[in-house]
file final04.tsv (TSV, N, CA and C atoms)
chain	number	residue	atom	x	y	z
A	9	MET	N	30.09	32.33	-38.11
A	9	MET	CA	29.01	33.27	-37.94
A	9	MET	C	28.10	33.18	-39.16
A	10	ASN	N	26.80	33.02	-38.92
A	10	ASN	CA	25.88	32.91	-40.05
A	10	ASN	C	25.43	34.29	-40.54
A	11	LEU	N	24.67	34.29	-41.61
A	11	LEU	CA	24.26	35.54	-42.26
A	11	LEU	C	23.41	36.42	-41.34
A	12	VAL	N	22.52	35.82	-40.58
A	12	VAL	CA	21.65	36.60	-39.68
A	12	VAL	C	22.50	37.28	-38.61
A	13	SER	N	23.43	36.54	-38.01
A	13	SER	CA	24.30	37.11	-36.98
A	13	SER	C	25.15	38.24	-37.55
A	14	PHE	N	25.74	37.99	-38.70
A	14	PHE	CA	26.56	39.02	-39.34
A	14	PHE	C	25.72	40.25	-39.66
A	15	SER	N	24.51	40.04	-40.17
A	15	SER	CA	23.63	41.16	-40.53
A	15	SER	C	23.26	41.99	-39.30
A	16	LEU	N	22.99	41.33	-38.19
A	16	LEU	CA	22.67	42.05	-36.96
A	16	LEU	C	23.86	42.87	-36.47
A	17	ILE	N	25.04	42.27	-36.49
A	17	ILE	CA	26.24	43.01	-36.07
A	17	ILE	C	26.49	44.18	-37.02
A	18	PHE	N	26.39	43.93	-38.32
A	18	PHE	CA	26.59	44.98	-39.31
A	18	PHE	C	25.59	46.13	-39.11
A	19	ALA	N	24.32	45.78	-38.90
A	19	ALA	CA	23.30	46.80	-38.68
A	19	ALA	C	23.59	47.60	-37.41
A	20	GLY	N	24.02	46.91	-36.36
A	20	GLY	CA	24.36	47.59	-35.11
A	20	GLY	C	25.51	48.57	-35.30
A	21	VAL	N	26.53	48.14	-36.01
A	21	VAL	CA	27.69	49.01	-36.28
A	21	VAL	C	27.26	50.21	-37.11
A	22	MET	N	26.47	49.98	-38.15
A	22	MET	CA	26.06	51.07	-39.03
A	22	MET	C	25.12	52.05	-38.32
A	23	LEU	N	24.23	51.55	-37.48
A	23	LEU	CA	23.35	52.44	-36.72
A	23	LEU	C	24.15	53.28	-35.74
A	24	ASN	N	25.15	52.66	-35.09
A	24	ASN	CA	26.00	53.39	-34.17
A	24	ASN	C	26.79	54.46	-34.91
A	25	ALA	N	27.34	54.12	-36.06
A	25	ALA	CA	28.10	55.09	-36.84
A	25	ALA	C	27.20	56.23	-37.33
A	26	ALA	N	26.01	55.89	-37.79
A	26	ALA	CA	25.06	56.93	-38.24
A	26	ALA	C	24.71	57.86	-37.10
A	27	ALA	N	24.50	57.30	-35.92
A	27	ALA	CA	24.16	58.12	-34.75
A	27	ALA	C	25.28	59.10	-34.44
A	28	GLN	N	26.51	58.65	-34.51
A	28	GLN	CA	27.65	59.54	-34.23
A	28	GLN	C	27.73	60.68	-35.24
A	29	ILE	N	27.58	60.36	-36.52
A	29	ILE	CA	27.64	61.39	-37.56
A	29	ILE	C	26.48	62.38	-37.39
A	30	LEU	N	25.29	61.86	-37.12
A	30	LEU	CA	24.14	62.73	-36.89
A	30	LEU	C	24.32	63.61	-35.66
A	31	MET	N	24.91	63.04	-34.61
A	31	MET	CA	25.15	63.81	-33.39
A	31	MET	C	26.10	64.97	-33.68
A	32	LYS	N	27.15	64.70	-34.45
A	32	LYS	CA	28.10	65.75	-34.81
A	32	LYS	C	27.44	66.80	-35.70
A	33	ALA	N	26.64	66.37	-36.66
A	33	ALA	CA	25.92	67.32	-37.52
A	33	ALA	C	24.98	68.19	-36.67
A	34	GLY	N	24.36	67.59	-35.67
A	34	GLY	CA	23.48	68.33	-34.78
A	34	GLY	C	24.22	69.36	-33.95
A	35	THR	N	25.36	68.98	-33.42
A	35	THR	CA	26.14	69.95	-32.64
A	35	THR	C	26.71	71.03	-33.54
A	36	ASN	N	27.03	70.69	-34.78
A	36	ASN	CA	27.47	71.72	-35.73
A	36	ASN	C	26.34	72.71	-35.99
A	37	ALA	N	25.11	72.21	-36.11
A	37	ALA	CA	23.96	73.08	-36.36
A	37	ALA	C	23.66	73.99	-35.17
A	38	VAL	N	23.80	73.46	-33.96
A	38	VAL	CA	23.54	74.26	-32.76
A	38	VAL	C	24.68	75.24	-32.54
A	39	GLY	N	25.89	74.81	-32.82
A	39	GLY	CA	27.05	75.68	-32.62
A	39	GLY	C	27.68	75.50	-31.25
A	40	HIS	N	28.81	76.15	-31.07
A	40	HIS	CA	29.54	76.07	-29.80
A	40	HIS	C	28.70	76.72	-28.70
A	41	PHE	N	28.71	76.10	-27.53
A	41	PHE	CA	28.00	76.69	-26.40
A	41	PHE	C	28.79	76.45	-25.12
A	42	GLU	N	28.61	77.33	-24.18
A	42	GLU	CA	29.28	77.24	-22.89
A	42	GLU	C	28.39	76.49	-21.91
A	43	PHE	N	29.02	75.75	-21.03
A	43	PHE	CA	28.29	75.09	-19.96
A	43	PHE	C	28.10	76.09	-18.83
A	44	SER	N	26.87	76.44	-18.60
A	44	SER	CA	26.57	77.32	-17.47
A	44	SER	C	25.12	77.07	-17.06
A	45	LEU	N	24.81	77.44	-15.87
A	45	LEU	CA	23.45	77.24	-15.37
A	45	LEU	C	22.45	78.02	-16.21
A	46	ALA	N	22.84	79.20	-16.67
A	46	ALA	CA	21.96	80.03	-17.49
A	46	ALA	C	21.67	79.38	-18.85
A	47	ASN	N	22.56	78.53	-19.32
A	47	ASN	CA	22.40	77.90	-20.63
A	47	ASN	C	21.62	76.59	-20.60
A	48	VAL	N	21.36	76.05	-19.45
A	48	VAL	CA	20.75	74.73	-19.35
A	48	VAL	C	19.46	74.64	-20.15
A	49	MET	N	18.55	75.54	-19.93
A	49	MET	CA	17.25	75.48	-20.61
A	49	MET	C	17.35	75.86	-22.09
A	50	PRO	N	17.94	77.01	-22.44
A	50	PRO	CA	17.94	77.37	-23.86
A	50	PRO	C	18.76	76.41	-24.73
A	51	ILE	N	19.92	76.00	-24.26
A	51	ILE	CA	20.74	75.07	-25.04
A	51	ILE	C	20.12	73.68	-24.99
A	52	GLY	N	19.62	73.29	-23.83
A	52	GLY	CA	18.95	72.00	-23.71
A	52	GLY	C	17.79	71.89	-24.69
A	53	TRP	N	17.02	72.97	-24.82
A	53	TRP	CA	15.89	72.96	-25.76
A	53	TRP	C	16.37	72.88	-27.20
A	54	LYS	N	17.42	73.65	-27.53
A	54	LYS	CA	17.98	73.60	-28.89
A	54	LYS	C	18.44	72.19	-29.23
A	55	LEU	N	19.14	71.56	-28.29
A	55	LEU	CA	19.63	70.20	-28.52
A	55	LEU	C	18.48	69.21	-28.63
A	56	ALA	N	17.49	69.36	-27.77
A	56	ALA	CA	16.36	68.41	-27.75
A	56	ALA	C	15.47	68.53	-28.98
A	57	THR	N	15.53	69.67	-29.67
A	57	THR	CA	14.67	69.86	-30.83
A	57	THR	C	15.45	69.86	-32.15
A	58	GLU	N	16.75	69.69	-32.09
A	58	GLU	CA	17.57	69.63	-33.31
A	58	GLU	C	17.34	68.27	-33.96
A	59	TRP	N	16.87	68.25	-35.21
A	59	TRP	CA	16.44	67.00	-35.84
A	59	TRP	C	17.58	66.00	-35.99
A	60	HIS	N	18.80	66.47	-36.21
A	60	HIS	CA	19.93	65.54	-36.30
A	60	HIS	C	20.11	64.76	-34.99
A	61	ILE	N	20.01	65.48	-33.90
A	61	ILE	CA	20.23	64.86	-32.59
A	61	ILE	C	19.07	63.93	-32.24
A	62	VAL	N	17.84	64.33	-32.54
A	62	VAL	CA	16.69	63.46	-32.29
A	62	VAL	C	16.83	62.18	-33.11
A	63	THR	N	17.23	62.31	-34.36
A	63	THR	CA	17.42	61.13	-35.21
A	63	THR	C	18.56	60.26	-34.71
A	64	ALA	N	19.62	60.89	-34.24
A	64	ALA	CA	20.76	60.15	-33.67
A	64	ALA	C	20.31	59.31	-32.47
A	65	LEU	N	19.53	59.91	-31.60
A	65	LEU	CA	19.04	59.18	-30.43
A	65	LEU	C	18.13	58.02	-30.84
A	66	PHE	N	17.33	58.22	-31.88
A	66	PHE	CA	16.50	57.14	-32.41
A	66	PHE	C	17.39	56.01	-32.93
A	67	CYS	N	18.46	56.36	-33.66
A	67	CYS	CA	19.40	55.35	-34.17
A	67	CYS	C	20.03	54.58	-33.01
A	68	TYR	N	20.42	55.30	-31.95
A	68	TYR	CA	20.99	54.63	-30.78
A	68	TYR	C	19.99	53.65	-30.18
A	69	GLY	N	18.75	54.08	-30.06
A	69	GLY	CA	17.72	53.20	-29.48
A	69	GLY	C	17.53	51.93	-30.30
A	70	ILE	N	17.43	52.08	-31.59
A	70	ILE	CA	17.28	50.91	-32.47
A	70	ILE	C	18.53	50.05	-32.41
A	71	SER	N	19.71	50.69	-32.33
A	71	SER	CA	20.96	49.92	-32.30
A	71	SER	C	21.05	49.06	-31.03
A	72	VAL	N	20.48	49.53	-29.93
A	72	VAL	CA	20.48	48.73	-28.70
A	72	VAL	C	19.66	47.46	-28.90
A	73	VAL	N	18.49	47.60	-29.50
A	73	VAL	CA	17.64	46.44	-29.77
A	73	VAL	C	18.35	45.46	-30.70
A	74	VAL	N	18.93	45.99	-31.78
A	74	VAL	CA	19.65	45.15	-32.74
A	74	VAL	C	20.84	44.48	-32.05
A	75	TRP	N	21.54	45.21	-31.20
A	75	TRP	CA	22.71	44.65	-30.53
A	75	TRP	C	22.32	43.54	-29.57
A	76	ILE	N	21.21	43.69	-28.88
A	76	ILE	CA	20.73	42.62	-28.00
A	76	ILE	C	20.44	41.37	-28.81
A	77	LEU	N	19.81	41.54	-29.97
A	77	LEU	CA	19.56	40.39	-30.85
A	77	LEU	C	20.87	39.75	-31.30
A	78	ALA	N	21.86	40.58	-31.63
A	78	ALA	CA	23.15	40.05	-32.06
A	78	ALA	C	23.82	39.27	-30.93
A	79	LEU	N	23.81	39.84	-29.73
A	79	LEU	CA	24.46	39.18	-28.59
A	79	LEU	C	23.78	37.87	-28.21
A	80	SER	N	22.51	37.72	-28.57
A	80	SER	CA	21.82	36.47	-28.29
A	80	SER	C	22.29	35.35	-29.22
A	81	ARG	N	23.04	35.73	-30.27
A	81	ARG	CA	23.47	34.75	-31.27
A	81	ARG	C	24.99	34.58	-31.37
A	82	VAL	N	25.73	35.59	-30.92
A	82	VAL	CA	27.19	35.61	-31.12
A	82	VAL	C	27.87	35.85	-29.78
A	83	PRO	N	28.97	35.14	-29.49
A	83	PRO	CA	29.70	35.40	-28.25
A	83	PRO	C	30.17	36.85	-28.19
A	84	VAL	N	30.08	37.45	-27.01
A	84	VAL	CA	30.48	38.85	-26.85
A	84	VAL	C	31.95	39.06	-27.21
A	85	SER	N	32.77	38.05	-27.02
A	85	SER	CA	34.20	38.18	-27.35
A	85	SER	C	34.43	38.32	-28.85
A	86	ILE	N	33.44	37.98	-29.65
A	86	ILE	CA	33.53	38.18	-31.10
A	86	ILE	C	32.72	39.41	-31.51
A	87	ALA	N	31.53	39.56	-30.94
A	87	ALA	CA	30.65	40.67	-31.34
A	87	ALA	C	31.21	42.03	-30.95
A	88	PHE	N	31.68	42.16	-29.72
A	88	PHE	CA	32.10	43.48	-29.24
A	88	PHE	C	33.25	44.07	-30.06
A	89	PRO	N	34.28	43.31	-30.40
A	89	PRO	CA	35.34	43.91	-31.22
A	89	PRO	C	34.85	44.41	-32.59
A	90	MET	N	33.76	43.84	-33.07
A	90	MET	CA	33.22	44.30	-34.35
A	90	MET	C	32.75	45.75	-34.27
A	91	LEU	N	32.38	46.21	-33.07
A	91	LEU	CA	31.97	47.61	-32.91
A	91	LEU	C	33.09	48.58	-33.27
A	92	SER	N	34.33	48.12	-33.21
A	92	SER	CA	35.44	49.02	-33.57
A	92	SER	C	35.39	49.40	-35.04
A	93	MET	N	34.68	48.62	-35.85
A	93	MET	CA	34.52	48.99	-37.25
A	93	MET	C	33.73	50.29	-37.40
A	94	ALA	N	32.96	50.65	-36.38
A	94	ALA	CA	32.23	51.92	-36.42
A	94	ALA	C	33.21	53.08	-36.52
A	95	TYR	N	34.39	52.95	-35.94
A	95	TYR	CA	35.39	54.01	-36.06
A	95	TYR	C	35.78	54.20	-37.52
A	96	VAL	N	36.00	53.12	-38.22
A	96	VAL	CA	36.38	53.20	-39.64
A	96	VAL	C	35.24	53.82	-40.45
A	97	VAL	N	34.03	53.35	-40.22
A	97	VAL	CA	32.88	53.89	-40.94
A	97	VAL	C	32.71	55.38	-40.62
A	98	ASN	N	32.86	55.74	-39.35
A	98	ASN	CA	32.73	57.14	-38.95
A	98	ASN	C	33.79	58.02	-39.58
A	99	ALA	N	35.02	57.55	-39.62
A	99	ALA	CA	36.10	58.35	-40.20
A	99	ALA	C	35.85	58.61	-41.68
A	100	VAL	N	35.43	57.59	-42.40
A	100	VAL	CA	35.14	57.75	-43.83
A	100	VAL	C	33.92	58.66	-44.03
A	101	ALA	N	32.87	58.43	-43.25
A	101	ALA	CA	31.67	59.28	-43.36
A	101	ALA	C	31.98	60.73	-43.00
A	102	ALA	N	32.78	60.93	-41.96
A	102	ALA	CA	33.14	62.29	-41.55
A	102	ALA	C	33.92	63.01	-42.63
A	103	LYS	N	34.76	62.28	-43.34
A	103	LYS	CA	35.51	62.89	-44.44
A	103	LYS	C	34.57	63.38	-45.53
A	104	TYR	N	33.65	62.53	-45.94
A	104	TYR	CA	32.78	62.87	-47.07
A	104	TYR	C	31.57	63.71	-46.70
A	105	LEU	N	31.04	63.54	-45.50
A	105	LEU	CA	29.82	64.26	-45.11
A	105	LEU	C	30.09	65.53	-44.31
A	106	LEU	N	31.20	65.53	-43.55
A	106	LEU	CA	31.49	66.67	-42.67
A	106	LEU	C	32.77	67.41	-43.05
A	107	GLY	N	33.46	66.91	-44.07
A	107	GLY	CA	34.68	67.59	-44.53
A	107	GLY	C	35.89	67.41	-43.63
A	108	GLU	N	35.88	66.40	-42.76
A	108	GLU	CA	37.03	66.16	-41.91
A	108	GLU	C	38.15	65.50	-42.71
A	109	ASP	N	39.38	65.70	-42.28
A	109	ASP	CA	40.53	65.19	-43.02
A	109	ASP	C	41.01	63.84	-42.49
A	110	PHE	N	41.67	63.12	-43.40
A	110	PHE	CA	42.40	61.91	-43.03
A	110	PHE	C	43.85	62.29	-42.83
A	111	SER	N	44.53	61.55	-42.01
A	111	SER	CA	45.98	61.68	-41.89
A	111	SER	C	46.56	60.28	-42.07
A	112	VAL	N	47.85	60.21	-42.25
A	112	VAL	CA	48.50	58.91	-42.38
A	112	VAL	C	48.28	58.10	-41.10
A	113	THR	N	48.32	58.76	-39.97
A	113	THR	CA	48.11	58.08	-38.69
A	113	THR	C	46.70	57.50	-38.61
A	114	LYS	N	45.70	58.27	-39.04
A	114	LYS	CA	44.32	57.76	-39.03
A	114	LYS	C	44.19	56.56	-39.96
A	115	LEU	N	44.76	56.67	-41.15
A	115	LEU	CA	44.68	55.56	-42.10
A	115	LEU	C	45.36	54.31	-41.55
A	116	ALA	N	46.52	54.49	-40.92
A	116	ALA	CA	47.22	53.34	-40.33
A	116	ALA	C	46.38	52.72	-39.22
A	117	GLY	N	45.79	53.57	-38.39
A	117	GLY	CA	44.93	53.07	-37.31
A	117	GLY	C	43.74	52.31	-37.84
A	118	MET	N	43.12	52.83	-38.90
A	118	MET	CA	41.99	52.12	-39.50
A	118	MET	C	42.43	50.77	-40.06
A	119	GLY	N	43.63	50.73	-40.65
A	119	GLY	CA	44.15	49.45	-41.16
A	119	GLY	C	44.33	48.44	-40.04
A	120	VAL	N	44.86	48.90	-38.91
A	120	VAL	CA	45.05	48.02	-37.75
A	120	VAL	C	43.70	47.51	-37.24
A	121	ILE	N	42.71	48.40	-37.18
A	121	ILE	CA	41.38	48.00	-36.72
A	121	ILE	C	40.80	46.94	-37.65
A	122	ILE	N	40.86	47.19	-38.94
A	122	ILE	CA	40.31	46.22	-39.90
A	122	ILE	C	41.02	44.89	-39.79
A	123	LEU	N	42.34	44.91	-39.70
A	123	LEU	CA	43.10	43.67	-39.56
A	123	LEU	C	42.73	42.95	-38.27
A	124	GLY	N	42.60	43.69	-37.19
A	124	GLY	CA	42.20	43.09	-35.89
A	124	GLY	C	40.84	42.43	-35.96
A	125	VAL	N	39.90	43.10	-36.61
A	125	VAL	CA	38.55	42.54	-36.73
A	125	VAL	C	38.58	41.26	-37.57
A	126	ILE	N	39.36	41.27	-38.63
A	126	ILE	CA	39.48	40.06	-39.46
A	126	ILE	C	40.06	38.91	-38.64
A	127	ILE	N	41.11	39.18	-37.88
A	127	ILE	CA	41.75	38.14	-37.07
A	127	ILE	C	40.77	37.60	-36.02
A	128	ILE	N	40.08	38.50	-35.31
A	128	ILE	CA	39.15	38.06	-34.28
A	128	ILE	C	37.97	37.27	-34.88
A	129	SER	N	37.48	37.72	-36.03
A	129	SER	CA	36.32	37.04	-36.62
A	129	SER	C	36.66	35.63	-37.10
A	130	ARG	N	37.92	35.35	-37.31
A	130	ARG	CA	38.33	34.01	-37.77
A	130	ARG	C	38.74	33.11	-36.61
A	131	ALA	N	38.80	33.66	-35.41
A	131	ALA	CA	39.25	32.89	-34.24
A	131	ALA	C	38.22	31.84	-33.86
call {"tool": "encode", "arguments": {"input": "final04.tsv", "output": "structure tokens"}}
result
Amino acid sequence: MNLVSFSLIFAGVMLNAAAQILMKAGTNAVGHFEFSLANVMPIGWKLATEWHIVTALFCYGISVVVWILALSRVPVSIAFPMLSMAYVVNAVAAKYLLGEDFSVTKLAGMGVIILGVIIISRA
């Protein structure tokens, strides 16, 4: 994999991870809400105007374009498993930005993901 391909995959993973963290920050800002017909408009408006969520959707949109560019250069059997690194990035970001905790199980899972990505990238 050359530098351009790696950079596109890396950018796609980071944009996806950023979108997830922003989405969670947005839902934290809006707060818990019930699904009901009466809530569709007021909650829908809150979600549609929450800057974290708007930014998250922008990140998703850009990540789709970046991912298409990556897939034009790298076999999907190599590129797609790289997306699992977003879980590792999200877990670390959630710990530091959102105060979420790590557990031994999460750390072990992240280790398995990283090892899997290394193995697949060398195949």
call {"tool": "atom_distance", "arguments": {"input": "final04.tsv", "atom1": "atom N of Cys67 of chain A", "atom2": "atom C of Leu23 of chain A"}}
result
6.8 Å
call {"tool": "atom_distance", "arguments": {"input": "final04.tsv", "atom1": "atom N of Trp59 of chain A", "atom2": "atom CA of Met22 of chain A"}}
result
19.9 Å
call {"tool": "closest_residue", "arguments": {"input": "final04.tsv", "among": "A:Tyr68, A:Tyr95, A:Phe110, A:Trp75", "to": "Phe14 of chain A", "atoms": "only C-alpha atoms"}}
result
A:Trp75
call {"tool": "closest_residue", "arguments": {"input": "final04.tsv", "among": "A:Ser71, A:Ser44, A:Ser80, A:Ser92", "to": "Gly20 of chain A", "atoms": "only N, CA and C atoms"}}
result
A:Ser71
call {"tool": "residues_around", "arguments": {"input": "final04.tsv", "residues": "Ala33 of chain A", "least_positions_apart": "6", "cutoff": "8 Å", "atoms": "all atoms listed in the file", "output": "list in words"}}
result
Ala27, Gly39, Trp59, His60, Ile61 and Leu106 of chain A
call {"tool": "select_by_dssp", "arguments": {"input": "final04.tsv", "residues": "segment 44-126 of chain A", "states": "helix (DSSP H, G or I)", "output": "PyMOL selection string"}}
result
chain A and resi 45-57+59-79+84-90+93-106+112-126
call {"tool": "atom_distance", "arguments": {"input": "final04.tsv", "atom1": "atom CA of Leu79 of chain A", "atom2": "atom CA of Gly124 of chain A"}}
result
19.6 Å
